[in-house]
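Remarks on the structure that follows.
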Amino acid sequence: MGITVGFDLDMTLIDPRPGMVAAMNALGKKSGLPFDGEAFASNLGPPLDQALREFGAPEDRIPELIWQFRELYPETVVPSTVALPGAAEALEAVRAAGGRTVVVTGKYGPNAQMHLDALGMKVDALVGELWSTQKAAALLEHEARAYVGDHLGDVRGARAANAVSVAVATGPCTREELAAEGADMVFDSLVEFPEWFARTFVETAV
């Protein structure tokens with residue numbers, strides 16, 4: 001079929017929250033700045049520099065803080081991260097239908113790849129460090145017909161790329177918020193994705 005489906009990573013395919021809490025708290029302790037790991041992990045999606053600014057980090061320290069966070073990441077976040085229910089099955093549903101999967105995430109690309117490798121998730125392409133409507137560039141480049149994500153920013157990215165917006169209420173946004181933002185379909189989790197994908201893209205192509 002050749003259909004490409006894009007997926008967000010954090011809180012769509014994976015749950016990295018315990019490690020994110022630990023990493024941000026460790027960064028706060030190391031830097032002497034008032035970082036809140038719980039608050040950070042409760043709203044994953046926006047870029048790291050944005051989160052640091054919201055915590056009051058001085059602008060001139062942000063590049064160094066990002067580098068330090070990335071140093072902490074492999075041993076602090078990756079080992080404690082788990083796949084969300086239905087993630088592997090969702091990727092396999094696209095693959096089994098002859099389609100392609102592309103992860104488009106706001107996360108630093110090498111860290112995103114470490115998660116995929118650690119959890120044995122096979123995707124055809126990965127594009128990192130894109131947020132909200134910025135994701136449209138990658139989705140258009142890969143000709144994605146649909147984009148799956150958990151955040152309002154993911155819905156905006158899908159809409160900007162003229163892709164079907166599939167939202168999962170596994171992240172910080174409620175079903176109602178995702179629908180109000182313009183998601184075409186909202187699931188409680190990716191467990192519901194394979195049946196929908198087959199009905200929407202596979203059966204209609206037969």
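If you're wondering about the labels, chains in the structure tokens are A, B, ... by order shown, residues count from 1 in each chain, ligands from 1 in order shown.
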* Looking only at the backbone, which of the residues in range 3-199 of chain A does DSSP tag as alpha helix (DSSP H), as a ChimeraX atom specification? -> /A:17-31,37-41,48-54,62-76,87-96,109-119,135-141,152-160,175-181,193-197
Output of the above residues as a CSV table (one decimal), in the first residue's frame, restricted to C-alpha atoms:
chain,number,residue,atom,x,y,z
A,17,ARG,CA,8.2,9.6,33.1
A,18,PRO,CA,10.1,8.0,36.0
A,19,GLY,CA,13.4,8.6,34.4
A,20,MET,CA,12.4,12.1,33.3
A,21,VAL,CA,11.6,13.0,36.9
A,22,ALA,CA,14.9,11.7,38.1
A,23,ALA,CA,16.9,13.4,35.4
A,24,MET,CA,15.4,16.8,35.8
A,25,ASN,CA,15.7,16.6,39.6
A,26,ALA,CA,19.4,15.6,39.2
A,27,LEU,CA,19.9,18.5,36.8
A,28,GLY,CA,18.3,20.9,39.3
A,29,LYS,CA,20.6,19.7,42.1
A,30,LYS,CA,23.7,19.9,40.0
A,31,SER,CA,22.9,23.4,38.7
A,37,GLY,CA,11.0,16.8,37.9
A,38,GLU,CA,7.4,15.9,38.6
A,39,ALA,CA,6.1,19.0,36.8
A,40,PHE,CA,8.4,18.4,33.9
A,41,ALA,CA,7.3,14.8,33.4
A,48,LEU,CA,13.6,21.0,26.6
A,49,ASP,CA,14.7,24.7,26.3
A,50,GLN,CA,11.1,25.8,26.7
A,51,ALA,CA,10.7,23.8,29.9
A,52,LEU,CA,14.0,25.1,31.3
A,53,ARG,CA,12.8,28.7,30.6
A,54,GLU,CA,9.5,28.0,32.4
A,62,ILE,CA,20.3,27.0,28.8
A,63,PRO,CA,22.8,25.5,26.2
A,64,GLU,CA,25.0,24.1,29.0
A,65,LEU,CA,21.9,22.8,30.9
A,66,ILE,CA,20.7,21.0,27.7
A,67,TRP,CA,24.1,19.4,27.3
A,68,GLN,CA,24.1,18.3,30.9
A,69,PHE,CA,20.6,16.8,30.7
A,70,ARG,CA,21.6,14.9,27.6
A,71,GLU,CA,24.6,13.5,29.5
A,72,LEU,CA,22.3,12.2,32.2
A,73,TYR,CA,19.8,10.8,29.8
A,74,PRO,CA,21.2,7.4,28.7
A,75,GLU,CA,21.7,6.0,32.2
A,76,THR,CA,18.9,7.8,34.0
A,87,ALA,CA,2.6,0.5,20.9
A,88,ALA,CA,4.3,-2.5,19.3
A,89,GLU,CA,1.0,-3.7,17.8
A,90,ALA,CA,0.4,-0.3,16.3
A,91,LEU,CA,3.7,-0.2,14.5
A,92,GLU,CA,3.3,-3.8,13.4
A,93,ALA,CA,-0.2,-3.1,12.0
A,94,VAL,CA,1.2,-0.5,9.6
A,95,ARG,CA,4.2,-2.7,8.7
A,96,ALA,CA,1.9,-5.7,8.1
A,109,GLY,CA,17.2,12.3,18.0
A,110,PRO,CA,20.0,10.2,19.4
A,111,ASN,CA,18.1,9.8,22.7
A,112,ALA,CA,15.0,8.9,20.8
A,113,GLN,CA,16.9,6.2,18.9
A,114,MET,CA,18.2,4.8,22.1
A,115,HIS,CA,14.6,4.3,23.3
A,116,LEU,CA,13.6,2.5,20.1
A,117,ASP,CA,16.6,0.3,20.2
A,118,ALA,CA,16.2,-0.6,23.9
A,119,LEU,CA,12.6,-1.5,23.4
A,135,LYS,CA,6.5,18.5,12.8
A,136,ALA,CA,4.6,19.2,9.6
A,137,ALA,CA,7.8,19.5,7.6
A,138,ALA,CA,8.9,16.0,8.4
A,139,LEU,CA,5.4,14.6,7.9
A,140,LEU,CA,5.2,16.2,4.5
A,141,GLU,CA,8.7,15.0,3.5
A,152,LEU,CA,-2.3,19.3,21.5
A,153,GLY,CA,1.0,20.1,19.7
A,154,ASP,CA,0.8,16.8,17.9
A,155,VAL,CA,-2.7,17.5,16.7
A,156,ARG,CA,-1.5,20.9,15.4
A,157,GLY,CA,1.4,19.2,13.6
A,158,ALA,CA,-0.9,16.7,11.9
A,159,ARG,CA,-3.3,19.4,10.8
A,160,ALA,CA,-0.5,21.5,9.4
A,175,ARG,CA,-9.9,13.3,25.3
A,176,GLU,CA,-12.0,16.4,25.3
A,177,GLU,CA,-9.0,18.7,24.8
A,178,LEU,CA,-7.6,16.6,22.0
A,179,ALA,CA,-11.0,16.5,20.2
A,180,ALA,CA,-11.5,20.3,20.7
A,181,GLU,CA,-8.1,20.9,19.1
A,193,PHE,CA,-5.2,1.6,16.7
A,194,PRO,CA,-4.8,-1.6,14.7
A,195,GLU,CA,-8.5,-2.1,14.2
A,196,TRP,CA,-9.1,1.5,13.2
A,197,PHE,CA,-6.1,1.5,10.9
* range 38-145 of chain A: which residues are strand (DSSP E) by DSSP, as a list in words? -> Val82, Ala83, Arg100, Thr101, Val102, Val103, Val104, Ala125, Leu126, Val127, Ala144 and Arg145 of chain A
* To do: Record the distance separating CA of Ile3 in chain A and CA of Pro172 in chain A, expressed in Å with one decimal.
  => 28.4 Å
* Calculate how many Å separate CA of Val78 in chain A from CA of Val166 in chain A, rounding to one decimal. => 25.9 Å
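Nearest residue to Phe55 in chain A among A:Asn43, A:Pro85, A:Ser189, A:Leu33 is A:Leu33, counting only C-alpha atoms.
As for CA of Met121 in chain A and CA of Thr200 in chain A, they are spaced 23.4 Å apart.
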